[in-house]
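Participant: Sharing a structure below in structure tokens format, with a few things to ask.
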Amino acid sequence: NGGGFVPRESALNIYTGTALLQAHAMKGDLYSVSRVLAALEGRSGVLVNGIESAPWPFTGSYGSIQPDTKCYNIAMAAAAKVGGEEGLEMALAFFDSMANTEASSEKNRKPVKNAVSYNTIINALSNAGRSVDAFRVFGKMQEFRVKPTKYTYTPLIKACLTDNDIQELLYDMTEKNIKGDTVTYNTMIRSLCEKRRWTEASRLVEEMESRGVAPDS
């Protein structure tokens with residue numbers, strides 16, 4: 001049509017929604033992220049910053065377009081990155097709306113949380129100084145048998161209150177055969193130094209070397 005774009009509802013799919021979420025997330029536009037996610041869920045009448053959402057065609061509980069775990073992870077990461085009380089609460093709301101198991105996913109028509117979901121929230125809570133909540137989420141991660149990664153432990157170690165807590169986490173990493181790299185250890189050591197916890201930082205350097213991870217300059 002003259003080289004222009006012709007809107008077609010039939011062209012809408014989950015990849016379109018994911019791309020929109022990523023674009024709004026890159027801009028840090030949480031309101032648009034929330035509206036797109038509500039539209040993908042097939043929800044209407046949801047007011048976000050005074051603007052009402054409208055559902056996309058083929059969405060809803062039994063539609064062919066269903067937001068997946070990646071969609072929710074994008075929304076959570078965007079909210080966590082913006083930070084502040086509003087960003088954190090929005091990230092937690094996205095997280096809590098997801099399913100914990102495949103069984104509950106089939107019942108509630110919500111995607112299941114994966115390691116990225118848990119890591120995003122643990123990191124956000126740790127950055128907000130909510131250490132107890134970060135470890136509570138880690139406990140849920142273990143309860144629902146979601147395997148942690150090195151990105152799970154970095155914010156948890158930052159949230160530790162004592163040297164014993166750090167040693168327990170490092171032992172847990174060893175038990176699960178999870179190997180941190182230089183970036184992982186540097187992040188943890190930098191966080192401890194910023195909190196003037198010199199003893200824990202020094203021991204972490206020793207731990208790093210004992211595990212064969214070469215420190216950089």
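Naming scheme: A, B, ... for chains in displayed order of the structure tokens; residues 1 onward per chain; ligands 1 onward as shown.
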Based on DSSP run over this structure's backbone, return all residues of stretch 16-211 of chain A in strand (DSSP E), as number ranges by chain.

Facilitator: A: 47-48, 51-52

Participant: Keeping N, CA, C and O atoms for every residue in the selection just given, could you write it to a file as a compact mmCIF listing (two decimals), in the first residue's frame?

Facilitator:
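Final output, saved to selection_23.txt:
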# COMPACT_ATOMS: atom_id res chain seq x y z
N LEU A 47 -6.46 0.49 34.76
CA LEU A 47 -5.93 1.85 34.69
C LEU A 47 -4.47 1.88 35.11
O LEU A 47 -4.13 1.46 36.22
N VAL A 48 -3.61 2.35 34.23
CA VAL A 48 -2.19 2.50 34.51
C VAL A 48 -1.82 3.94 34.25
O VAL A 48 -1.84 4.39 33.10
N ILE A 51 -4.37 5.81 32.22
CA ILE A 51 -4.71 5.32 30.88
C ILE A 51 -5.23 3.89 31.01
O ILE A 51 -4.62 3.04 31.66
N GLU A 52 -6.38 3.62 30.36
CA GLU A 52 -7.01 2.32 30.47
C GLU A 52 -6.43 1.35 29.44
O GLU A 52 -6.28 1.71 28.27

Participant: Can you pull out every residue from stretch 33-166 of chain A that DSSP, working from the backbone, puts in alpha helix (DSSP H), and format the result as JSON, numbers by chain?

Facilitator: {"A": [33, 34, 35, 36, 37, 38, 39, 40, 41, 69, 70, 71, 72, 73, 74, 75, 76, 77, 78, 79, 80, 81, 82, 84, 85, 86, 87, 88, 89, 90, 91, 92, 93, 94, 95, 96, 97, 102, 103, 104, 105, 106, 107, 108, 115, 116, 117, 118, 119, 120, 121, 122, 123, 124, 125, 126, 127, 131, 132, 133, 134, 135, 136, 137, 138, 139, 140, 141, 142, 143, 150, 151, 152, 153, 154, 155, 156, 157, 158, 159, 163, 164, 165, 166]}

Participant: Using only C-alpha atoms, find the one residue out of A:Asn100, A:Asn13, A:Ser105, A:Gln22 that sits nearest to A:Ala39.

Facilitator: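 Result for the nearest residue to A:Ala39: A:Asn13.
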
Participant: Leaving out A:Asp165 and any residue of its chain fewer than 5 positions from it, which residues lie within 12 Å of it when counting only C-alpha atoms, given as a list in words?

Facilitator: Ser131, Phe135, Tyr153, Leu156, Ile157, Lys158, Ala159, Cys160, Leu170, Tyr171, Asp172 and Glu200 of chain A

Participant: Report as an NGL selection string all protein, DNA and RNA residues lying within 8 Å of A:Met98, evaluated on only C-alpha atoms, omitting residues in the same chain fewer than 6 positions from it.

Facilitator: :A and (72 or 105 or 110-113)

Participant: Can you pull out every residue within 12 Å of A:Val33, counting only C-alpha atoms, but drop anything in the same chain fewer than 5 positions away, and send it as a PyMOL selection string?

Facilitator: chain A and resi 17-28+38-40+48-49+53+71-79+87+90-91+94

Participant: Pick from A:Met141, A:Ile166, A:Val36, A:Leu192: nearest to A:Thr101, with only C-alpha atoms counted?

Facilitator: A:Met141

Participant: Which of these, A:Ser44, A:Gly50, A:Gly129, A:Gly84, has the shortest distance to A:Ser32 once you count only C-alpha atoms?

Facilitator: A:Gly50

Participant: Would you pick out the contacts of stretch 186-189 of chain A at 9 Å or less, using only C-alpha atoms, so that residues sharing its chain but fewer than 6 positions from it are not included, and give the list as a list in words?

Facilitator: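 The neighbour list is Thr154, Pro155, Ile157, Lys158, Glu200, Ala201, Ser202, Leu204, Val205, Pro215 and Asp216 of chain A.
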
Participant: As an exercise, work out the distance from atom CA of A:Glu194 to atom CA of A:Ala115 in Å and give it to one decimal place.

Facilitator: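 Distance between the two atoms: 27.3 Å.
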
Participant: Please indicate the distance in Å from atom CA of A:Asn108 to atom CA of A:Gly139, rounded to one decimal place.

Facilitator: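 Result for atom CA of A:Asn108 versus atom CA of A:Gly139: 22.7 Å, one decimal.
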